[in-house]
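So this one's coords_7.cif, mmCIF, C-alpha atoms:
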```
data_coords
#
loop_
_atom_site.group_PDB
_atom_site.id
_atom_site.type_symbol
_atom_site.label_atom_id
_atom_site.label_comp_id
_atom_site.auth_asym_id
_atom_site.auth_seq_id
_atom_site.Cartn_x
_atom_site.Cartn_y
_atom_site.Cartn_z
ATOM 1 C CA ASP F 218 0.000 0.000 0.000
ATOM 2 C CA ARG F 219 1.134 3.541 -0.750
ATOM 3 C CA ASP F 220 -0.200 6.805 0.622
ATOM 4 C CA VAL F 221 -0.816 9.958 -1.449
ATOM 5 C CA THR F 222 2.885 10.927 -1.305
ATOM 6 C CA GLY F 223 3.890 7.595 -2.787
ATOM 7 C CA VAL F 224 5.484 6.359 0.465
ATOM 8 C CA GLN F 225 4.824 2.740 1.175
ATOM 9 C CA THR F 226 2.680 2.240 4.269
ATOM 10 C CA CYS F 227 1.980 -0.752 6.383
ATOM 11 C CA ALA F 228 -1.638 -1.280 7.322
ATOM 12 C CA LEU F 229 -2.073 -2.985 10.682
ATOM 13 C CA PRO F 230 -4.725 -5.635 10.817
ATOM 14 C CA ILE F 231 -7.887 -4.728 12.708
ATOM 15 C CA TYR F 232 -7.359 -7.579 15.140
ATOM 16 C CA SER F 233 -3.877 -6.374 16.225
ATOM 17 C CA LYS F 234 -5.204 -5.044 19.558
ATOM 18 C CA GLU F 235 -6.633 -8.472 20.294
ATOM 19 C CA LYS F 236 -3.323 -10.111 19.382
ATOM 20 C CA LEU F 237 -1.457 -7.634 21.565
ATOM 21 C CA GLN F 238 -3.764 -8.399 24.487
ATOM 22 C CA LYS F 239 -3.349 -12.141 23.978
ATOM 23 C CA THR F 240 0.429 -11.706 23.822
ATOM 24 C CA GLN F 241 0.375 -9.704 27.053
ATOM 25 C CA ASP F 242 -1.785 -12.381 28.693
ATOM 26 C CA VAL F 243 0.628 -15.110 27.614
ATOM 27 C CA LEU F 244 3.634 -13.131 28.879
ATOM 28 C CA PHE F 245 1.882 -12.580 32.212
ATOM 29 C CA MET F 246 1.167 -16.306 32.514
ATOM 30 C CA VAL F 247 4.784 -17.151 31.652
ATOM 31 C CA SER F 248 6.177 -14.693 34.209
ATOM 32 C CA THR F 249 3.761 -15.996 36.857
ATOM 33 C CA THR F 250 4.794 -19.580 36.108
ATOM 34 C CA ILE F 251 8.482 -18.681 36.331
ATOM 35 C CA ARG F 252 7.902 -16.935 39.666
ATOM 36 C CA GLU F 253 6.018 -19.960 41.031
ATOM 37 C CA LEU F 254 8.760 -22.324 39.847
ATOM 38 C CA SER F 255 11.358 -20.097 41.463
ATOM 39 C CA HIS F 256 9.460 -20.264 44.745
ATOM 40 C CA ARG F 257 9.304 -24.058 44.549
ATOM 41 C CA LEU F 258 13.015 -24.368 43.750
ATOM 42 C CA THR F 259 14.108 -22.089 46.589
ATOM 43 C CA PRO F 260 14.214 -24.812 49.275
ATOM 44 C CA LEU F 261 16.307 -26.969 46.935
ATOM 45 C CA ALA F 262 18.778 -24.134 46.346
ATOM 46 C CA ILE F 263 19.077 -23.541 50.087
ATOM 47 C CA GLU F 264 19.620 -27.246 50.701
ATOM 48 C CA LYS F 265 22.142 -27.625 47.898
ATOM 49 C CA TYR F 266 24.132 -24.368 48.084
ATOM 50 C CA GLY F 267 23.350 -23.057 51.554
ATOM 51 C CA PHE F 268 21.157 -20.284 52.855
ATOM 52 C CA GLY F 269 23.761 -17.537 52.507
ATOM 53 C CA ARG F 270 24.473 -18.366 48.870
ATOM 54 C CA ALA F 271 20.753 -18.477 48.041
ATOM 55 C CA VAL F 272 20.296 -14.994 49.550
ATOM 56 C CA GLU F 273 23.379 -13.687 47.704
ATOM 57 C CA ASP F 274 22.010 -15.081 44.421
ATOM 58 C CA LEU F 275 18.671 -13.348 45.017
ATOM 59 C CA VAL F 276 20.381 -10.006 45.647
ATOM 60 C CA GLU F 277 22.725 -10.501 42.682
ATOM 61 C CA THR F 278 19.768 -11.150 40.380
ATOM 62 C CA ILE F 279 18.026 -7.958 41.497
ATOM 63 C CA ASN F 280 21.222 -5.922 41.145
ATOM 64 C CA MET F 281 21.829 -7.312 37.648
ATOM 65 C CA SER F 282 18.311 -6.284 36.590
ATOM 66 C CA GLY F 283 19.311 -2.644 37.081
ATOM 67 C CA LYS F 284 15.943 -1.831 38.663
ATOM 68 C CA LEU F 285 17.353 -1.464 42.157
ATOM 69 C CA SER F 286 20.703 -1.416 43.933
ATOM 70 C CA VAL F 287 20.675 -3.810 46.888
ATOM 71 C CA GLN F 288 23.377 -3.739 49.545
ATOM 72 C CA LEU F 289 23.481 -6.972 51.534
ATOM 73 C CA VAL F 290 24.964 -7.383 55.010
ATOM 74 C CA VAL F 291 24.880 -10.869 56.520
ATOM 75 C CA VAL F 292 26.215 -11.529 60.010
ATOM 76 C CA GLY F 293 26.384 -15.101 61.255
ATOM 77 C CA PHE F 294 24.633 -18.014 59.570
ATOM 78 C CA GLY F 295 27.821 -20.097 59.527
ATOM 79 C CA ASP F 296 26.153 -23.319 60.699
ATOM 80 C CA MET F 297 22.994 -23.846 58.686
ATOM 81 C CA ASN F 298 22.619 -27.410 59.929
ATOM 82 C CA LYS F 299 21.144 -26.134 63.183
ATOM 83 C CA TYR F 300 18.012 -24.766 61.458
ATOM 84 C CA PRO F 301 15.090 -26.742 60.014
ATOM 85 C CA ALA F 302 14.824 -26.403 56.241
ATOM 86 C CA ALA F 303 11.288 -24.990 56.569
ATOM 87 C CA PHE F 304 12.531 -22.172 58.828
ATOM 88 C CA LEU F 305 15.250 -21.164 56.352
ATOM 89 C CA SER F 306 12.777 -21.405 53.494
ATOM 90 C CA ASP F 307 10.312 -19.138 55.327
ATOM 91 C CA LEU F 308 13.055 -16.620 56.089
ATOM 92 C CA TYR F 309 14.194 -16.624 52.461
ATOM 93 C CA ARG F 310 10.663 -16.249 51.123
ATOM 94 C CA MET F 311 9.967 -13.323 53.449
ATOM 95 C CA LEU F 312 13.060 -11.550 52.153
ATOM 96 C CA GLN F 313 12.116 -12.434 48.588
ATOM 97 C CA GLU F 314 8.631 -10.948 49.016
ATOM 98 C CA LEU F 315 9.895 -7.793 50.715
ATOM 99 C CA LEU F 316 12.427 -7.181 47.927
ATOM 100 C CA HIS F 317 9.776 -7.920 45.310
ATOM 101 C CA ASN F 318 7.578 -5.250 46.917
ATOM 102 C CA VAL F 319 10.429 -2.720 46.905
ATOM 103 C CA VAL F 320 11.075 -3.370 43.210
ATOM 104 C CA LYS F 321 7.383 -3.270 42.311
ATOM 105 C CA HIS F 322 5.990 -0.485 44.523
ATOM 106 C CA ALA F 323 8.621 1.600 46.311
ATOM 107 C CA GLN F 324 10.143 3.474 43.362
ATOM 108 C CA ALA F 325 13.417 3.127 45.260
ATOM 109 C CA ALA F 326 16.939 3.401 43.895
ATOM 110 C CA HIS F 327 18.677 1.711 46.836
ATOM 111 C CA VAL F 328 17.819 -0.771 49.546
ATOM 112 C CA LEU F 329 19.881 -2.053 52.446
ATOM 113 C CA VAL F 330 19.236 -5.615 53.609
ATOM 114 C CA GLU F 331 20.697 -6.775 56.904
ATOM 115 C CA MET F 332 20.334 -10.346 58.138
ATOM 116 C CA VAL F 333 21.849 -10.892 61.556
ATOM 117 C CA GLU F 334 22.002 -14.093 63.562
ATOM 118 C CA HIS F 335 21.934 -13.272 67.276
ATOM 119 C CA ASP F 336 22.123 -15.718 70.183
ATOM 120 C CA ARG F 337 18.345 -16.092 70.520
ATOM 121 C CA GLU F 338 16.875 -14.428 67.454
ATOM 122 C CA ILE F 339 17.385 -13.551 63.847
ATOM 123 C CA SER F 340 16.790 -10.019 62.663
ATOM 124 C CA LEU F 341 15.984 -9.033 59.125
ATOM 125 C CA VAL F 342 16.090 -5.348 58.186
ATOM 126 C CA VAL F 343 14.966 -3.990 54.828
ATOM 127 C CA ASP F 344 15.549 -0.233 54.479
ATOM 128 C CA ASP F 345 14.715 1.467 51.168
ATOM 129 C CA ASP F 346 14.857 5.047 49.873
ATOM 130 C CA GLY F 347 11.582 4.909 47.954
ATOM 131 C CA ILE F 348 8.284 6.738 48.310
ATOM 132 C CA GLY F 349 7.419 5.065 51.600
ATOM 133 C CA ILE F 350 4.619 2.749 52.584
ATOM 134 C CA ASN F 351 1.102 4.209 52.773
ATOM 135 C CA LYS F 352 0.656 6.535 55.728
ATOM 136 C CA ASP F 353 -1.515 4.245 57.855
ATOM 137 C CA ASN F 354 0.912 1.295 57.409
ATOM 138 C CA THR F 355 -1.964 -1.028 56.598
ATOM 139 C CA VAL F 356 -1.073 -4.250 54.881
ATOM 140 C CA LYS F 357 -2.322 -4.361 51.322
ATOM 141 C CA GLY F 358 -1.727 -7.252 49.017
ATOM 142 C CA LYS F 359 -1.299 -10.967 49.487
ATOM 143 C CA GLY F 360 2.488 -10.825 49.643
ATOM 144 C CA LEU F 361 2.682 -8.716 52.790
ATOM 145 C CA GLU F 362 -0.200 -10.657 54.326
ATOM 146 C CA THR F 363 1.813 -13.833 53.801
ATOM 147 C CA VAL F 364 4.900 -12.249 55.388
ATOM 148 C CA HIS F 365 2.838 -11.169 58.409
ATOM 149 C CA SER F 366 1.348 -14.676 58.671
ATOM 150 C CA LYS F 367 4.782 -16.325 58.613
ATOM 151 C CA ILE F 368 6.087 -13.920 61.256
ATOM 152 C CA ALA F 369 3.079 -14.649 63.484
ATOM 153 C CA TYR F 370 3.453 -18.404 62.957
ATOM 154 C CA LEU F 371 7.140 -18.193 63.923
ATOM 155 C CA LYS F 372 6.210 -16.072 66.982
ATOM 156 C CA GLY F 373 8.189 -13.135 65.700
ATOM 157 C CA LYS F 374 7.711 -9.381 65.630
ATOM 158 C CA VAL F 375 7.626 -6.897 62.784
ATOM 159 C CA GLU F 376 7.802 -3.121 62.660
ATOM 160 C CA ILE F 377 7.064 -1.244 59.456
ATOM 161 C CA GLU F 378 7.835 2.451 59.474
ATOM 162 C CA ARG F 379 7.479 5.160 56.872
ATOM 163 C CA LYS F 380 10.672 7.194 57.237
ATOM 164 C CA LYS F 381 10.468 11.008 57.434
ATOM 165 C CA GLU F 382 13.201 11.406 54.826
ATOM 166 C CA GLY F 383 11.396 8.997 52.476
ATOM 167 C CA GLY F 384 11.362 5.284 52.137
ATOM 168 C CA THR F 385 10.318 2.422 54.340
ATOM 169 C CA LEU F 386 12.099 0.638 57.166
ATOM 170 C CA ILE F 387 11.031 -2.917 57.968
ATOM 171 C CA VAL F 388 12.486 -4.717 60.976
ATOM 172 C CA ILE F 389 11.620 -8.369 61.592
ATOM 173 C CA GLU F 390 12.769 -10.274 64.649
ATOM 174 C CA LEU F 391 12.303 -14.043 64.761
ATOM 175 C CA PRO F 392 13.165 -16.338 67.650
ATOM 176 C CA ILE F 393 15.659 -18.939 66.505
ATOM 177 C CA VAL F 394 14.025 -22.225 65.606
ATOM 178 C CA GLN F 395 16.511 -25.065 65.904
ATOM 179 C CA LYS F 396 16.318 -28.607 64.641
ATOM 180 C CA VAL F 397 15.074 -31.136 67.138
#
```

Would you mind writing the file out in structure tokens?
Amino acid sequence: DRDVTGVQTCALPIYSKEKLQKTQDVLFMVSTTIRELSHRLTPLAIEKYGFGRAVEDLVETINMSGKLSVQLVVVGFGDMNKYPAAFLSDLYRMLQELLHNVVKHAQAAHVLVEMVEHDREISLVVDDDGIGINKDNTVKGKGLETVHSKIAYLKGKVEIERKKEGGTLIVIELPIVQKV
């Protein structure tokens, strides 16, 4: 086809919006499937490579994406054999969800993650420089609900604070659960 100036044009089919929507739907399903598979493989990665390496890989993947700069500080966690696999998996998945939320909602450039093994508890701190959590700190979304549920199940505590200078500070403290 040529327009009145003689330049060749490309007519898009009428159904291109439908094809675009179907393509977007397929991509969404693929990304959801990959995320679910990743969640299922996490316990295997922890078991095979260790908890610390699994956390480092998570942070490395986010940093490589270029969407966010994550600084990771890990203190302790030398003897992973003292923890049940389910406890480590829950801890990992909480961190994974919190970082996912920072990437998706916080509009942050940087986030500091601190995981510290104390004598009787483990603390997890996620401190971002984004727009901050909503003012009333209410939990919205299934991801944060799941994190809160896991913390309650593990008899832990969580504080979520919108920082005055911008961003959100999340502090989780979990009593150490050891293998029996």

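Residues within 9 Å of Leu361 in chain F, counting only C-alpha atoms and excluding same-chain residues fewer than 2 positions away, are F:Met311, F:Glu314, F:Leu315, F:Asn318, F:Val356, F:Lys357, F:Gly358, F:Lys359, F:Thr363, F:Val364, F:His365, F:Ser366.
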
Residue by residue, what does the PyMOL selection byres ((chain F and resi 373-376) around 8) grab here? Present the result as a list in words.
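Applied to this file, the PyMOL selection byres ((chain F and resi 373-376) around 8) selects His365, Ile368, Ala369, Tyr370, Leu371, Lys372, Ile377, Glu378, Leu386, Ile387, Val388, Ile389, Glu390, Leu391 and Pro392 of chain F.
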
Among F:Ala325, F:Met332, F:Phe268, F:Leu244, Asp296 in chain F is approached most closely, using only C-alpha atoms, by F:Phe268

re CA of Ser306 in chain F and CA of Gly269 in chain F: distance 11.7 Å

To test the calculation: enclose all listed atoms of range 377-389 of chain F in a box whose edges run along x, y and z, add 8 Å on each side, then state centre and edge lengths in Å to one decimal, as AutoDock Vina command-line options.
```
--center_x 10.1 --center_y 1.5 --center_z 56.9 --size_x 22.1 --size_y 35.8 --size_z 25.5
```

CA of Gln241 in chain F to CA of Ser286 in chain F measures 27.7 Å

Å distance separating CA of Arg270 in chain F from CA of Gly384 in chain F, one decimal place:
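So the answer is 27.2 Å.
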
(20.7, 3.0, 43.3) in this file's frame - what residues fall within 7 Å of it? Use only C-alpha atoms and give the answer as a CSV table (one decimal) with C-alpha atoms, in the coordinates of the input.
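Dumped to point.csv:
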```csv
chain,number,residue,atom,x,y,z
F,285,LEU,CA,17.4,-1.5,42.2
F,286,SER,CA,20.7,-1.4,43.9
F,326,ALA,CA,16.9,3.4,43.9
F,327,HIS,CA,18.7,1.7,46.8
```

Of the candidates F:Leu289, F:Ala323, F:Leu329, F:Leu316, which one gets nearest to Gly349 in chain F if we count all atoms listed in the file?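 Closest residue, counting all atoms listed in the file: F:Ala323.
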
Expected selection from the PyMOL selection byres ((chain F and resi 348) around 10), given as an MDAnalysis selection string = chainID F and resid 319 322:325 345:347 349:351 379:380 382:385
